[in-house]
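Shown here: data.tsv, TSV, C-alpha atoms.
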```tsv
chain	number	residue	atom	x	y	z
S	1	MET	CA	0.00	0.00	0.00
S	2	THR	CA	1.30	3.45	-0.89
S	3	TRP	CA	0.16	6.48	1.07
S	4	PRO	CA	1.71	9.84	0.09
S	5	TRP	CA	2.33	12.06	3.08
S	6	ARG	CA	2.53	15.76	2.32
S	7	ILE	CA	2.98	17.30	5.71
S	8	ALA	CA	3.06	20.90	6.79
S	9	PHE	CA	6.34	22.08	8.23
S	10	SER	CA	7.49	24.96	10.40
S	11	LEU	CA	10.63	26.96	9.73
S	12	LEU	CA	13.41	27.12	12.30
S	13	ALA	CA	15.76	30.04	12.68
S	14	ALA	CA	17.96	30.46	9.62
S	15	GLY	CA	21.06	28.29	9.77
S	16	ALA	CA	19.74	26.13	12.60
S	17	ALA	CA	19.94	22.93	10.54
S	18	TYR	CA	21.65	21.73	7.38
S	19	GLY	CA	18.77	19.43	6.39
S	20	VAL	CA	15.24	18.56	7.37
S	21	GLU	CA	14.44	17.38	10.91
S	22	LEU	CA	11.89	14.57	10.59
S	23	HIS	CA	9.97	13.78	13.79
S	24	GLY	CA	7.47	11.06	14.59
S	25	SER	CA	6.30	8.49	17.10
S	26	VAL	CA	5.37	4.83	17.22
S	27	ARG	CA	3.00	2.86	19.40
S	28	LEU	CA	3.17	-0.92	19.92
S	29	LEU	CA	-0.15	-2.77	20.01
S	30	HIS	CA	-1.31	-6.30	20.95
S	31	SER	CA	1.88	-7.10	22.83
S	32	ARG	CA	2.39	-9.78	25.47
S	33	VAL	CA	5.21	-7.79	27.09
S	34	PRO	CA	3.91	-6.16	30.31
S	35	ALA	CA	5.84	-2.88	29.91
S	36	VAL	CA	4.53	-2.50	26.36
S	37	ARG	CA	0.94	-3.37	27.27
S	38	SER	CA	0.95	-0.69	29.97
S	39	GLY	CA	2.26	1.90	27.51
S	40	ARG	CA	5.50	2.38	29.44
S	41	ASP	CA	7.94	1.22	26.77
S	42	TYR	CA	7.70	1.69	22.99
S	43	SER	CA	11.45	1.65	22.46
S	44	GLY	CA	13.52	-0.30	19.96
S	45	VAL	CA	11.68	0.43	16.68
S	46	VAL	CA	14.09	1.31	13.86
S	47	VAL	CA	12.75	3.84	11.35
S	48	TRP	CA	14.64	4.75	8.17
S	49	LEU	CA	14.30	6.41	4.77
S	50	ASP	CA	15.36	5.18	1.33
S	51	PRO	CA	15.29	7.64	-1.61
S	52	ALA	CA	12.32	6.95	-3.91
S	53	GLY	CA	13.81	9.03	-6.71
S	54	PRO	CA	16.81	11.21	-7.52
S	55	ALA	CA	18.36	12.63	-4.35
S	56	PRO	CA	21.64	14.33	-3.47
S	57	PRO	CA	24.30	11.83	-2.40
S	58	PRO	CA	23.99	11.48	1.38
S	59	PRO	CA	27.00	12.16	3.55
S	60	ALA	CA	28.62	8.96	4.79
S	61	ARG	CA	28.33	8.66	8.57
S	62	PRO	CA	29.95	5.37	9.54
S	63	GLY	CA	31.37	5.63	13.01
S	64	LEU	CA	32.22	3.80	16.20
S	65	LEU	CA	29.21	2.65	18.24
S	66	THR	CA	29.00	0.69	21.49
S	67	MET	CA	26.83	-2.20	22.63
S	68	GLU	CA	27.71	-3.04	26.24
S	69	GLN	CA	27.38	-6.39	27.97
S	70	LYS	CA	26.18	-5.40	31.40
S	71	GLY	CA	24.01	-7.16	33.97
S	72	LYS	CA	23.83	-10.17	31.60
S	73	ARG	CA	22.17	-7.96	28.98
S	74	PHE	CA	23.21	-6.25	25.75
S	75	VAL	CA	22.79	-2.48	26.14
S	76	PRO	CA	21.22	-1.04	24.06
S	77	HIS	CA	19.07	-3.97	23.04
S	78	VAL	CA	18.47	-2.47	19.56
S	79	LEU	CA	21.04	-0.46	17.64
S	80	ALA	CA	20.97	1.05	14.14
S	81	ALA	CA	24.19	1.65	12.22
S	82	GLU	CA	25.26	2.73	8.76
S	83	VAL	CA	27.21	0.31	6.56
S	84	GLY	CA	30.91	0.67	7.37
S	85	SER	CA	30.32	1.38	11.05
S	86	THR	CA	32.21	-0.46	13.77
S	87	VAL	CA	30.41	-1.67	16.90
S	88	ARG	CA	32.40	-2.24	20.07
S	89	PHE	CA	31.23	-4.91	22.53
S	90	PRO	CA	32.83	-4.24	25.95
S	91	ASN	CA	32.27	-6.79	28.70
S	92	LEU	CA	31.32	-4.75	31.78
S	93	ASP	CA	30.21	-7.77	33.81
S	94	PRO	CA	32.33	-9.63	36.40
S	95	ILE	CA	31.90	-12.85	34.34
S	96	PHE	CA	32.88	-14.15	30.90
S	97	HIS	CA	30.74	-13.56	27.80
S	98	SER	CA	30.86	-14.92	24.25
S	99	ALA	CA	28.85	-12.79	21.79
S	100	PHE	CA	28.06	-14.20	18.35
S	101	SER	CA	25.73	-13.94	15.38
S	102	ASN	CA	25.06	-16.75	12.92
S	103	PHE	CA	21.94	-15.26	11.32
S	104	SER	CA	21.61	-13.32	8.08
S	105	GLY	CA	23.21	-9.89	8.16
S	106	GLN	CA	26.78	-10.54	9.23
S	107	ILE	CA	28.18	-13.67	10.83
S	108	PHE	CA	30.74	-13.31	13.63
S	109	GLU	CA	31.74	-14.92	16.91
S	110	PHE	CA	34.18	-13.69	19.54
S	111	GLY	CA	34.82	-16.75	21.68
S	112	LEU	CA	35.16	-16.35	25.43
S	113	TYR	CA	36.42	-13.02	26.68
S	114	PRO	CA	36.88	-11.91	30.27
S	115	PRO	CA	35.56	-9.01	32.35
S	116	GLY	CA	36.99	-5.69	31.19
S	117	ALA	CA	37.82	-6.94	27.68
S	118	SER	CA	36.23	-5.68	24.48
S	119	ARG	CA	35.77	-6.89	20.91
S	120	ASP	CA	34.89	-4.97	17.71
S	121	VAL	CA	32.96	-5.82	14.54
S	122	THR	CA	32.82	-3.68	11.38
S	123	PHE	CA	29.57	-4.17	9.45
S	124	SER	CA	30.17	-4.22	5.70
S	125	ARG	CA	26.68	-4.81	4.28
S	126	PRO	CA	23.07	-3.93	5.15
S	127	GLY	CA	20.87	-6.37	7.03
S	128	VAL	CA	19.36	-7.32	10.37
S	129	VAL	CA	22.01	-8.81	12.67
S	130	ARG	CA	20.68	-10.85	15.59
S	131	ILE	CA	23.18	-11.25	18.42
S	132	PHE	CA	23.34	-13.73	21.28
S	133	CYS	CA	25.74	-14.88	23.98
S	134	ASN	CA	26.99	-18.45	23.68
S	135	ILE	CA	26.97	-18.82	27.49
S	136	HIS	CA	23.78	-17.01	28.54
S	137	PRO	CA	20.69	-17.95	26.47
S	138	ALA	CA	18.59	-15.04	27.78
S	139	MET	CA	20.96	-12.47	26.28
S	140	SER	CA	19.94	-11.15	22.86
S	141	ALA	CA	20.22	-7.97	20.79
S	142	VAL	CA	19.61	-6.65	17.29
S	143	ILE	CA	21.72	-4.39	15.08
S	144	VAL	CA	19.99	-3.04	11.95
S	145	VAL	CA	22.68	-2.09	9.42
S	146	LEU	CA	21.52	0.40	6.79
S	147	LYS	CA	23.03	1.70	3.56
S	148	GLU	CA	21.58	5.23	3.97
S	149	PRO	CA	22.29	7.62	6.86
S	150	TRP	CA	18.67	8.66	7.50
S	151	PHE	CA	17.50	6.52	10.42
S	152	ALA	CA	16.53	6.59	14.09
S	153	VAL	CA	15.55	4.23	16.92
S	154	SER	CA	12.46	5.02	18.98
S	155	GLY	CA	12.90	5.89	22.64
S	156	GLN	CA	10.82	4.67	25.55
S	157	SER	CA	7.96	7.05	24.74
S	158	GLY	CA	7.97	5.91	21.11
S	159	ALA	CA	9.33	9.23	19.83
S	160	PHE	CA	12.06	9.35	17.18
S	161	ALA	CA	13.86	12.00	15.13
S	162	ILE	CA	15.79	11.62	11.86
S	163	HIS	CA	18.25	14.45	11.33
S	164	ASP	CA	19.67	16.24	8.28
S	165	VAL	CA	17.43	14.64	5.65
S	166	SER	CA	17.97	15.97	2.13
S	167	PRO	CA	14.72	17.28	0.56
S	168	GLY	CA	13.09	14.83	-1.83
S	169	ASP	CA	10.86	11.75	-2.08
S	170	TYR	CA	11.51	8.73	0.16
S	171	ARG	CA	10.12	5.37	1.23
S	172	LEU	CA	9.75	5.07	4.98
S	173	HIS	CA	10.57	1.63	6.44
S	174	LEU	CA	10.33	0.18	9.94
S	175	PHE	CA	11.81	-2.73	11.85
S	176	HIS	CA	10.48	-4.11	15.12
S	177	GLU	CA	11.68	-7.49	16.35
S	178	ARG	CA	8.22	-8.56	17.54
S	179	ALA	CA	6.35	-7.61	14.36
S	180	THR	CA	5.87	-9.90	11.37
S	181	ARG	CA	7.36	-9.09	7.97
S	182	GLU	CA	3.85	-8.68	6.57
S	183	THR	CA	2.93	-6.15	9.27
S	184	LEU	CA	6.08	-4.10	8.61
S	185	ASP	CA	5.58	-4.18	4.83
S	186	GLN	CA	2.07	-2.78	5.24
S	187	LEU	CA	3.46	0.15	7.25
S	188	GLU	CA	5.82	1.33	4.50
S	189	ARG	CA	4.92	4.81	3.28
S	190	ARG	CA	6.00	7.36	0.72
S	191	VAL	CA	7.18	10.58	2.33
S	192	GLN	CA	7.88	13.86	0.57
S	193	VAL	CA	10.49	15.73	2.60
S	194	SER	CA	10.77	19.52	2.39
S	195	GLY	CA	11.27	22.56	4.60
S	196	GLN	CA	13.29	22.37	7.79
S	197	THR	CA	11.07	20.43	10.21
S	198	MET	CA	8.36	17.85	9.61
S	199	THR	CA	6.17	15.76	11.87
S	200	LEU	CA	4.81	12.44	10.64
S	201	PRO	CA	1.44	11.05	11.70
S	202	PRO	CA	1.75	8.50	14.54
S	203	LEU	CA	2.55	4.92	13.54
S	204	ASP	CA	0.87	1.91	15.18
S	205	ILE	CA	2.74	-1.41	15.01
S	206	SER	CA	0.85	-4.57	15.93
S	207	GLU	CA	2.69	-7.51	17.48
S	208	THR	CA	-0.14	-9.87	16.43
S	209	GLY	CA	1.23	-13.00	14.80
S	210	TYR	CA	4.65	-12.83	16.44
S	211	LEU	CA	5.84	-16.20	17.74
S	212	GLU	CA	8.97	-16.33	19.88
S	213	SER	CA	11.13	-19.39	19.35
S	214	PRO	CA	14.19	-20.46	21.36
S	215	HIS	CA	17.52	-19.96	19.63
S	216	LYS	CA	20.43	-22.36	19.54
S	217	ASN	CA	24.00	-21.71	20.61
S	218	LYS	CA	26.70	-20.89	18.05
S	219	TYR	CA	27.20	-24.60	17.31
S	220	GLY	CA	23.50	-25.09	16.50
S	221	HIS	CA	22.88	-27.05	19.73
S	222	ASP	CA	20.56	-26.48	22.69
S	223	TYR	CA	22.06	-24.53	25.58
S	224	PRO	CA	23.18	-26.57	28.60
S	225	PRO	CA	21.44	-25.91	31.93
S	226	VAL	CA	22.18	-22.39	33.20
S	227	THR	CA	24.69	-22.31	36.04
S	228	ASP	CA	24.22	-20.07	39.08
S	229	GLU	CA	26.43	-17.00	38.68
S	230	GLY	CA	24.57	-14.99	41.29
S	231	GLY	CA	27.66	-14.77	43.47
S	232	ALA	CA	29.41	-12.80	40.78
S	233	TYR	CA	26.89	-9.97	40.99
S	234	PRO	CA	26.22	-7.38	43.68
S	235	ALA	CA	22.66	-7.41	45.04
S	236	GLY	CA	20.10	-6.14	42.53
S	237	ARG	CA	22.18	-6.70	39.37
S	238	LYS	CA	20.95	-10.16	38.41
```
Whole structure given in structure tokens:
Amino acid sequence: MTWPWRIAFSLLAAGAAYGVELHGSVRLLHSRVPAVRSGRDYSGVVVWLDPAGPAPPPPARPGLLTMEQKGKRFVPHVLAAEVGSTVRFPNLDPIFHSAFSNFSGQIFEFGLYPPGASRDVTFSRPGVVRIFCNIHPAMSAVIVVLKEPWFAVSGQSGAFAIHDVSPGDYRLHLFHERATRETLDQLERRVQVSGQTMTLPPLDISETGYLESPHKNKYGHDYPPVTDEGGAYPAGRK
């Protein structure tokens, strides 16, 4: 479905921005996650633009990003990066970790590395990279690698902002790890970008149809029983 959005904009002070500031918000519906159902957390939705026609070449913005391993979690849980970016994975826990990805996107595995150590990966092609720890099955994260620099990740309130967008016609895309491919395809929109600031209509993303399935370790096997590492953590960090 194609839905042209021609949206009124307001001018900022001259020279305040080099491109268009594109603002919007998302809401997650029909979720089984308590924080989402209560409306307290709409974070982790990646929103990006692809040119739908001729557009000025975008400035390359690959950089160095960080995804921490802390409290037996990847932080942030969802990250967006431009092709060519490097993501650093520091281990801030008092235990070993072993991050890996064997899904489509980019395959890598670090092996065991100790507290205080760090490993880097440079992402050379676009795709959705799903990341796990080979020791702790509950740890997971997603990196969405994009070929264009116009993207954002929604915050807890669902708000997002894409900065410095060149004027022109675009296709708006979304990724949410608990939405089906069909749901996300139906949310694609054509957006005509102009002016200096724009606000998109709110976007509702249904989690209906999402089925969570256990993942395997990096060898394709089931995880062994989880050992008790509680002694390695101060109170309240487990």
I'd like the contact shell of Val47 (chain S) - 7 Å cut-off, all atoms listed in the file, skipping same-chain residues fewer than 2 positions apart - returned as a PyMOL selection string.
chain S and resi 45+151-153+173-175
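The two atoms in question, CA of Ala99 (chain S) and CA of Gly71 (chain S), are spaced 14.3 Å apart.
Nearest residue to Arg27 (chain S), choosing from S:Leu200, S:Ala80, S:Ala138, S:Ala159 and counting all atoms listed in the file: S:Ala159.
Closest approach to Leu92 (chain S) among S:Ala35, S:Ala117, S:Val128, S:Val78 is made by S:Ala117 (distances from all atoms listed in the file).
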8 Å contact set for region 208-213 of chain S, only C-alpha atoms, chain neighbours under 4 positions out, as a compact mmCIF listing (two decimals) with C-alpha atoms, keeping the file's coordinate frame:
```
# COMPACT_ATOMS: atom_id res chain seq x y z
CA LEU S 29 -0.15 -2.77 20.01
CA HIS S 30 -1.31 -6.30 20.95
CA SER S 31 1.88 -7.10 22.83
CA ARG S 178 8.22 -8.56 17.54
CA ALA S 179 6.35 -7.61 14.36
CA THR S 180 5.87 -9.90 11.37
```
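CA of Arg190 (chain S) to CA of Asp164 (chain S) spans 18.0 Å [interatomic distance, one decimal].
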Using all atoms listed in the file, the best pick from S:Gln156, S:Leu79, S:His163, S:Gln69 as closest to Arg119 (chain S) would be S:Gln69
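Interatomic distance, CA of Ile143 (chain S) to CA of Leu203 (chain S): 21.4 Å.
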Which is closest to Ala52 (chain S) among S:His221, S:Arg171, S:Arg189, S:His176, if we use only C-alpha atoms?
S:Arg171
Show which residues sit within 6 Å of Ile131 (chain S), as a ChimeraX atom specification. Count only C-alpha atoms, and ignore same-chain residues fewer than 5 positions away.
/S:100-101,140-142
Generate the output file for the selected residues, C-alpha atoms, as a short mmCIF file (atom, residue, chain, number, x, y, z; two decimals), in the coordinates of the input.
```cif
data_model
loop_
_atom_site.label_atom_id
_atom_site.label_comp_id
_atom_site.auth_asym_id
_atom_site.auth_seq_id
_atom_site.Cartn_x
_atom_site.Cartn_y
_atom_site.Cartn_z
CA PHE S 100 28.06 -14.20 18.35
CA SER S 101 25.73 -13.94 15.38
CA SER S 140 19.94 -11.15 22.86
CA ALA S 141 20.22 -7.97 20.79
CA VAL S 142 19.61 -6.65 17.29
#
```
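Of the residues listed (S:Ile205, S:Leu22, S:Leu65, S:Ala161), S:Leu65 shows the shortest atom-to-atom separation from Glu82 (chain S); distances use all atoms listed in the file.
Distances from S:Gly116, S:Gly158, S:Gly84, S:Gly53 to Leu146 (chain S) were compared using all atoms listed in the file, and the smallest one belongs to S:Gly84.
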Name the residues within 10 Å of (22.6, -2.0, 6.0), counting all atoms listed in the file in the file's coordinates, and put them as a PDB file with C-alpha atoms, in the coordinates of the input.
```pdb
ATOM      1  CA  ALA S  80      20.970   1.050  14.140  1.00  0.00           C
ATOM      2  CA  ALA S  81      24.190   1.650  12.220  1.00  0.00           C
ATOM      3  CA  GLU S  82      25.260   2.730   8.760  1.00  0.00           C
ATOM      4  CA  VAL S  83      27.210   0.310   6.560  1.00  0.00           C
ATOM      5  CA  GLY S  84      30.910   0.670   7.370  1.00  0.00           C
ATOM      6  CA  SER S  85      30.320   1.380  11.050  1.00  0.00           C
ATOM      7  CA  GLY S 105      23.210  -9.890   8.160  1.00  0.00           C
ATOM      8  CA  PHE S 123      29.570  -4.170   9.450  1.00  0.00           C
ATOM      9  CA  SER S 124      30.170  -4.220   5.700  1.00  0.00           C
ATOM     10  CA  ARG S 125      26.680  -4.810   4.280  1.00  0.00           C
ATOM     11  CA  PRO S 126      23.070  -3.930   5.150  1.00  0.00           C
ATOM     12  CA  GLY S 127      20.870  -6.370   7.030  1.00  0.00           C
ATOM     13  CA  VAL S 128      19.360  -7.320  10.370  1.00  0.00           C
ATOM     14  CA  VAL S 129      22.010  -8.810  12.670  1.00  0.00           C
ATOM     15  CA  ILE S 143      21.720  -4.390  15.080  1.00  0.00           C
ATOM     16  CA  VAL S 144      19.990  -3.040  11.950  1.00  0.00           C
ATOM     17  CA  VAL S 145      22.680  -2.090   9.420  1.00  0.00           C
ATOM     18  CA  LEU S 146      21.520   0.400   6.790  1.00  0.00           C
ATOM     19  CA  LYS S 147      23.030   1.700   3.560  1.00  0.00           C
ATOM     20  CA  GLU S 148      21.580   5.230   3.970  1.00  0.00           C
ATOM     21  CA  PRO S 149      22.290   7.620   6.860  1.00  0.00           C
TER      22      PRO S 149
END
```
At a cut-off of 9 Å, using only C-alpha atoms, what residues contact Arg32 (chain S)? Leave out same-chain residues fewer than 4 positions from it and give the result as a ChimeraX atom specification.
/S:36-37,207
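Shown here are all protein and nucleic acid residues lying within 12 Å of (18.2, -23.4, 25.1), with only C-alpha atoms considered: Phe132, Cys133, Asn134, Ile135, His136, Pro137, Ala138, Met139, Ser213, Pro214, His215, Lys216, Asn217, Lys218, Tyr219, Gly220, His221, Asp222, Tyr223, Pro224, Pro225 and Val226 of chain S.
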